Amino acid sequence: MTRIHPTALVDARAELADDVEVGPYCIVGPHVRIGPGCRLMSHVVIDGRTTLGARNRIFPFASIGQVPQDLKYHGEPSELIIGDENTIRENVTINLGTEGGGMVTRIGSRNLLMAYSHVAHDCIIGNEVIMANCATLAGHIVVEDGVILGGLSAVHQFVRIGKYAMVGGMCGPTKDVPPFCLVSGGYQPGLSGLNLIGLKRRGLNAAQIKQLKTLYRVLFRSHEKLTRRIERAESLIEDDYGRCLVEFVRNAKRGLLTHRRD
């Protein structure tokens with residue numbers, strides 16, 4: 001049976017699974033759908049056309065599904081879709097999509113959004129992403145699986161962050177971040193090698209990591225033209241990890257962060 005605290009305000013038109021828990025002083029809007037096993041701790045606001053999957057935990061003062069902070073938004077019926085088993089901590093803000101960005105903001109499953117982090121309109125976040133405290137995504141950003149965003153990082157709109165990359169605290173990437181890489185340098189960030197600890201935790205073996213190191217040197221430490229670097233890297237691909245890195249570089253639309261020179 002759904003447990004709704006007497007002080008919570010849940011619109012009668014909202015759709016809640018039978019075992020959802022809604023804590024004190026929460027507000028749930030009319031177009032919200034909340035899946036089984038979800039728990040709203042207290043003082044949580046969920047509005048807009050927002051859909052939550054199963055077993056999400058949302059902590060106090062999170063604001064989910066509010067209208068975008070975009071002057072081009074004029075009330076179109078955009079959505080926010082959130083998957084399963086996400087942890088959304090205190091004061092997190094997540095906005096709906098816009099017509100100019102595909103009408104949807106989408107978050108996958110098993111993500112951790114720490115306190116005060118922000119996901120703007122039309123962002124697409126994969127699975128098992130960690131956003132540390134005050135990490136901020138502008139609009140239209142793609143964050144692939146397994147990415148870690150350090151505290152106080154701020155990612156520029158339309159940037160894509162490749163899988164298993166790590167963006168260091170207080171970094172502000174304005175160009176695409178290749179998969180498997182580490183970003184450092186504050187608000188003048190650059191690549192500083194591979195995210196080796198993260199790759200090992202993901203189960204990559206020594207041969208796979210060695211291949212990525214070789215490709216990194218070819219793609220990001222060489223002074224040749226990019227087309228030539230990609231050609232050289234293609235000849236060194238041994239598995240799907242190598243192919244993922246090369247294809248990301250080939251298809252980067254905003255340009256790529258470069259290696260930080262010593």
# chains A, B, ... in the order shown; residues from 1 in each chain; ligands from 1

$ residues_around --residues "range 250-254 of chain A" --least-positions-apart "4" --cutoff "7 Å" --atoms "only C-alpha atoms" --output "list in words"
Val159, Lys175, Asp176 and Val246 of chain A

$ write_last_selection --atoms "C-alpha atoms" --output "PDB file, in the first residue's frame"
ATOM      1  CA  VAL A 159      29.434  18.718 -24.665  1.00  0.00           C
ATOM      2  CA  LYS A 175      34.834  20.479 -25.561  1.00  0.00           C
ATOM      3  CA  ASP A 176      34.091  16.770 -25.795  1.00  0.00           C
ATOM      4  CA  VAL A 246      38.659   6.000 -31.974  1.00  0.00           C
TER       5      VAL A 246
END

$ residues_around --residues "His5 in chain A" --least-positions-apart "2" --cutoff "7 Å" --atoms "only C-alpha atoms" --output "list in words"
Arg3, Thr7, Ala8, Val22, Gly23 and Pro24 of chain A

$ write_last_selection --atoms "N, CA and C atoms" --output "compact mmCIF listing (two decimals), in the first residue's frame"
# COMPACT_ATOMS: atom_id res chain seq x y z
N ARG A 3 2.32 4.67 0.94
CA ARG A 3 2.35 5.38 2.22
C ARG A 3 2.64 6.85 1.96
N THR A 7 1.21 15.30 5.75
CA THR A 7 1.58 16.66 5.36
C THR A 7 1.97 16.78 3.88
N ALA A 8 2.07 15.65 3.19
CA ALA A 8 2.44 15.69 1.77
C ALA A 8 1.23 16.07 0.92
N VAL A 22 5.98 8.40 0.35
CA VAL A 22 6.06 9.85 0.18
C VAL A 22 6.14 10.47 1.57
N GLY A 23 7.30 11.09 1.87
CA GLY A 23 7.55 11.59 3.21
C GLY A 23 6.92 12.95 3.48
N PRO A 24 7.21 13.50 4.65
CA PRO A 24 6.60 14.76 5.06
C PRO A 24 6.88 15.91 4.11

$ closest_residue --among "A:Phe59, A:Phe158, A:Phe180, A:Tyr187" --to "Leu113 in chain A" --atoms "only C-alpha atoms"
A:Phe59

$ closest_residue --among "A:Glu99, A:Glu234, A:Glu21, A:Glu224" --to "Leu40 in chain A" --atoms "only C-alpha atoms"
A:Glu21

$ residues_around --residues "Leu96 in chain A" --least-positions-apart "4" --cutoff "12 Å" --atoms "only C-alpha atoms" --output "ChimeraX atom specification"
/A:46-51,63-70,73,75-82,100-107,118-124,139-140

$ atom_distance --atom1 "CA of Tyr164 in chain A" --atom2 "CA of Leu194 in chain A"
9.6 Å

$ residues_around --residues "range 126-128 of chain A" --least-positions-apart "3" --cutoff "6 Å" --atoms "only C-alpha atoms" --output "VMD selection string"
chain A and resid 108 to 111 144 to 146

$ write_last_selection --atoms "N, CA and C atoms" --output "mmCIF file, in the first residue's frame"
data_model
loop_
_atom_site.group_PDB
_atom_site.id
_atom_site.type_symbol
_atom_site.label_atom_id
_atom_site.label_comp_id
_atom_site.auth_asym_id
_atom_site.auth_seq_id
_atom_site.Cartn_x
_atom_site.Cartn_y
_atom_site.Cartn_z
ATOM 1 N N GLY A 108 19.477 7.532 -16.815
ATOM 2 C CA GLY A 108 19.397 6.076 -16.795
ATOM 3 C C GLY A 108 19.213 5.514 -15.400
ATOM 4 N N SER A 109 19.956 4.448 -15.100
ATOM 5 C CA SER A 109 19.765 3.721 -13.848
ATOM 6 C C SER A 109 21.060 3.636 -13.043
ATOM 7 N N ARG A 110 20.887 3.475 -11.733
ATOM 8 C CA ARG A 110 21.989 3.246 -10.784
ATOM 9 C C ARG A 110 22.983 4.407 -10.777
ATOM 10 N N ASN A 111 22.459 5.602 -10.907
ATOM 11 C CA ASN A 111 23.289 6.806 -10.832
ATOM 12 C C ASN A 111 23.243 7.395 -9.432
ATOM 13 N N GLU A 144 27.952 9.632 -20.872
ATOM 14 C CA GLU A 144 27.832 8.198 -21.114
ATOM 15 C C GLU A 144 28.052 7.388 -19.834
ATOM 16 N N ASP A 145 27.902 6.082 -19.932
ATOM 17 C CA ASP A 145 27.930 5.202 -18.769
ATOM 18 C C ASP A 145 29.235 5.318 -17.977
ATOM 19 N N GLY A 146 29.102 5.230 -16.657
ATOM 20 C CA GLY A 146 30.256 5.103 -15.784
ATOM 21 C C GLY A 146 31.095 6.341 -15.597
#

$ select_by_dssp --residues "range 92-164 of chain A" --states "strand (DSSP E)" --output "VMD selection string"
chain A and resid 93 to 95 104 to 107 112 to 113 118 to 119 124 to 125 130 to 131 136 to 137 142 to 143 148 to 149 154 to 155 160 to 161

$ write_last_selection --atoms "N, CA and C atoms" --output "mmCIF file, in the first residue's frame"
data_model
loop_
_atom_site.group_PDB
_atom_site.id
_atom_site.type_symbol
_atom_site.label_atom_id
_atom_site.label_comp_id
_atom_site.auth_asym_id
_atom_site.auth_seq_id
_atom_site.Cartn_x
_atom_site.Cartn_y
_atom_site.Cartn_z
ATOM 1 N N THR A 93 18.702 19.491 -8.533
ATOM 2 C CA THR A 93 17.696 20.029 -9.445
ATOM 3 C C THR A 93 17.843 19.362 -10.805
ATOM 4 N N ILE A 94 16.719 18.913 -11.367
ATOM 5 C CA ILE A 94 16.686 18.261 -12.678
ATOM 6 C C ILE A 94 15.511 18.850 -13.450
ATOM 7 N N ASN A 95 15.774 19.387 -14.641
ATOM 8 C CA ASN A 95 14.750 20.091 -15.414
ATOM 9 C C ASN A 95 14.195 19.256 -16.562
ATOM 10 N N VAL A 104 12.948 15.968 -24.228
ATOM 11 C CA VAL A 104 13.105 15.072 -23.092
ATOM 12 C C VAL A 104 14.482 15.230 -22.447
ATOM 13 N N THR A 105 14.495 15.247 -21.130
ATOM 14 C CA THR A 105 15.710 15.036 -20.341
ATOM 15 C C THR A 105 15.645 13.602 -19.850
ATOM 16 N N ARG A 106 16.740 12.866 -19.983
ATOM 17 C CA ARG A 106 16.696 11.430 -19.689
ATOM 18 C C ARG A 106 17.872 11.030 -18.800
ATOM 19 N N ILE A 107 17.573 10.302 -17.738
ATOM 20 C CA ILE A 107 18.577 9.785 -16.817
ATOM 21 C C ILE A 107 18.384 8.278 -16.712
ATOM 22 N N LEU A 112 24.297 8.122 -9.090
ATOM 23 C CA LEU A 112 24.353 8.843 -7.815
ATOM 24 C C LEU A 112 24.545 10.323 -8.117
ATOM 25 N N LEU A 113 23.535 11.116 -7.802
ATOM 26 C CA LEU A 113 23.606 12.567 -7.948
ATOM 27 C C LEU A 113 23.716 13.151 -6.547
ATOM 28 N N HIS A 118 23.245 19.579 -10.541
ATOM 29 C CA HIS A 118 22.197 20.122 -11.414
ATOM 30 C C HIS A 118 22.261 19.478 -12.788
ATOM 31 N N VAL A 119 21.106 19.039 -13.271
ATOM 32 C CA VAL A 119 20.972 18.483 -14.620
ATOM 33 C C VAL A 119 19.992 19.363 -15.378
ATOM 34 N N ILE A 124 21.231 13.985 -21.479
ATOM 35 C CA ILE A 124 21.074 12.538 -21.533
ATOM 36 C C ILE A 124 22.188 11.931 -20.681
ATOM 37 N N ILE A 125 21.824 11.270 -19.601
ATOM 38 C CA ILE A 125 22.783 10.643 -18.703
ATOM 39 C C ILE A 125 22.579 9.139 -18.764
ATOM 40 N N ILE A 130 28.316 9.081 -11.581
ATOM 41 C CA ILE A 130 28.401 9.770 -10.294
ATOM 42 C C ILE A 130 28.640 11.254 -10.545
ATOM 43 N N MET A 131 27.748 12.086 -10.026
ATOM 44 C CA MET A 131 27.934 13.523 -10.039
ATOM 45 C C MET A 131 28.180 13.956 -8.596
ATOM 46 N N THR A 136 27.649 20.448 -12.210
ATOM 47 C CA THR A 136 26.603 21.141 -12.956
ATOM 48 C C THR A 136 26.676 20.807 -14.439
ATOM 49 N N LEU A 137 25.550 20.400 -15.008
ATOM 50 C CA LEU A 137 25.448 20.154 -16.436
ATOM 51 C C LEU A 137 24.571 21.229 -17.063
ATOM 52 N N VAL A 142 25.520 15.148 -23.182
ATOM 53 C CA VAL A 142 25.442 13.684 -23.126
ATOM 54 C C VAL A 142 26.549 13.186 -22.201
ATOM 55 N N VAL A 143 26.154 12.428 -21.181
ATOM 56 C CA VAL A 143 27.107 11.819 -20.250
ATOM 57 C C VAL A 143 26.933 10.303 -20.372
ATOM 58 N N ILE A 148 32.428 9.840 -14.001
ATOM 59 C CA ILE A 148 32.471 10.497 -12.696
ATOM 60 C C ILE A 148 32.753 11.978 -12.914
ATOM 61 N N LEU A 149 31.895 12.824 -12.354
ATOM 62 C CA LEU A 149 32.071 14.275 -12.424
ATOM 63 C C LEU A 149 32.423 14.779 -11.033
ATOM 64 N N ALA A 154 31.751 22.018 -13.932
ATOM 65 C CA ALA A 154 30.699 22.697 -14.686
ATOM 66 C C ALA A 154 30.910 22.415 -16.160
ATOM 67 N N VAL A 155 30.022 21.660 -16.764
ATOM 68 C CA VAL A 155 30.191 21.211 -18.142
ATOM 69 C C VAL A 155 29.388 22.108 -19.080
ATOM 70 N N ARG A 160 29.835 16.359 -24.956
ATOM 71 C CA ARG A 160 29.628 14.920 -24.764
ATOM 72 C C ARG A 160 30.799 14.378 -23.952
ATOM 73 N N ILE A 161 30.478 13.582 -22.936
ATOM 74 C CA ILE A 161 31.512 12.986 -22.089
ATOM 75 C C ILE A 161 31.465 11.475 -22.270
#
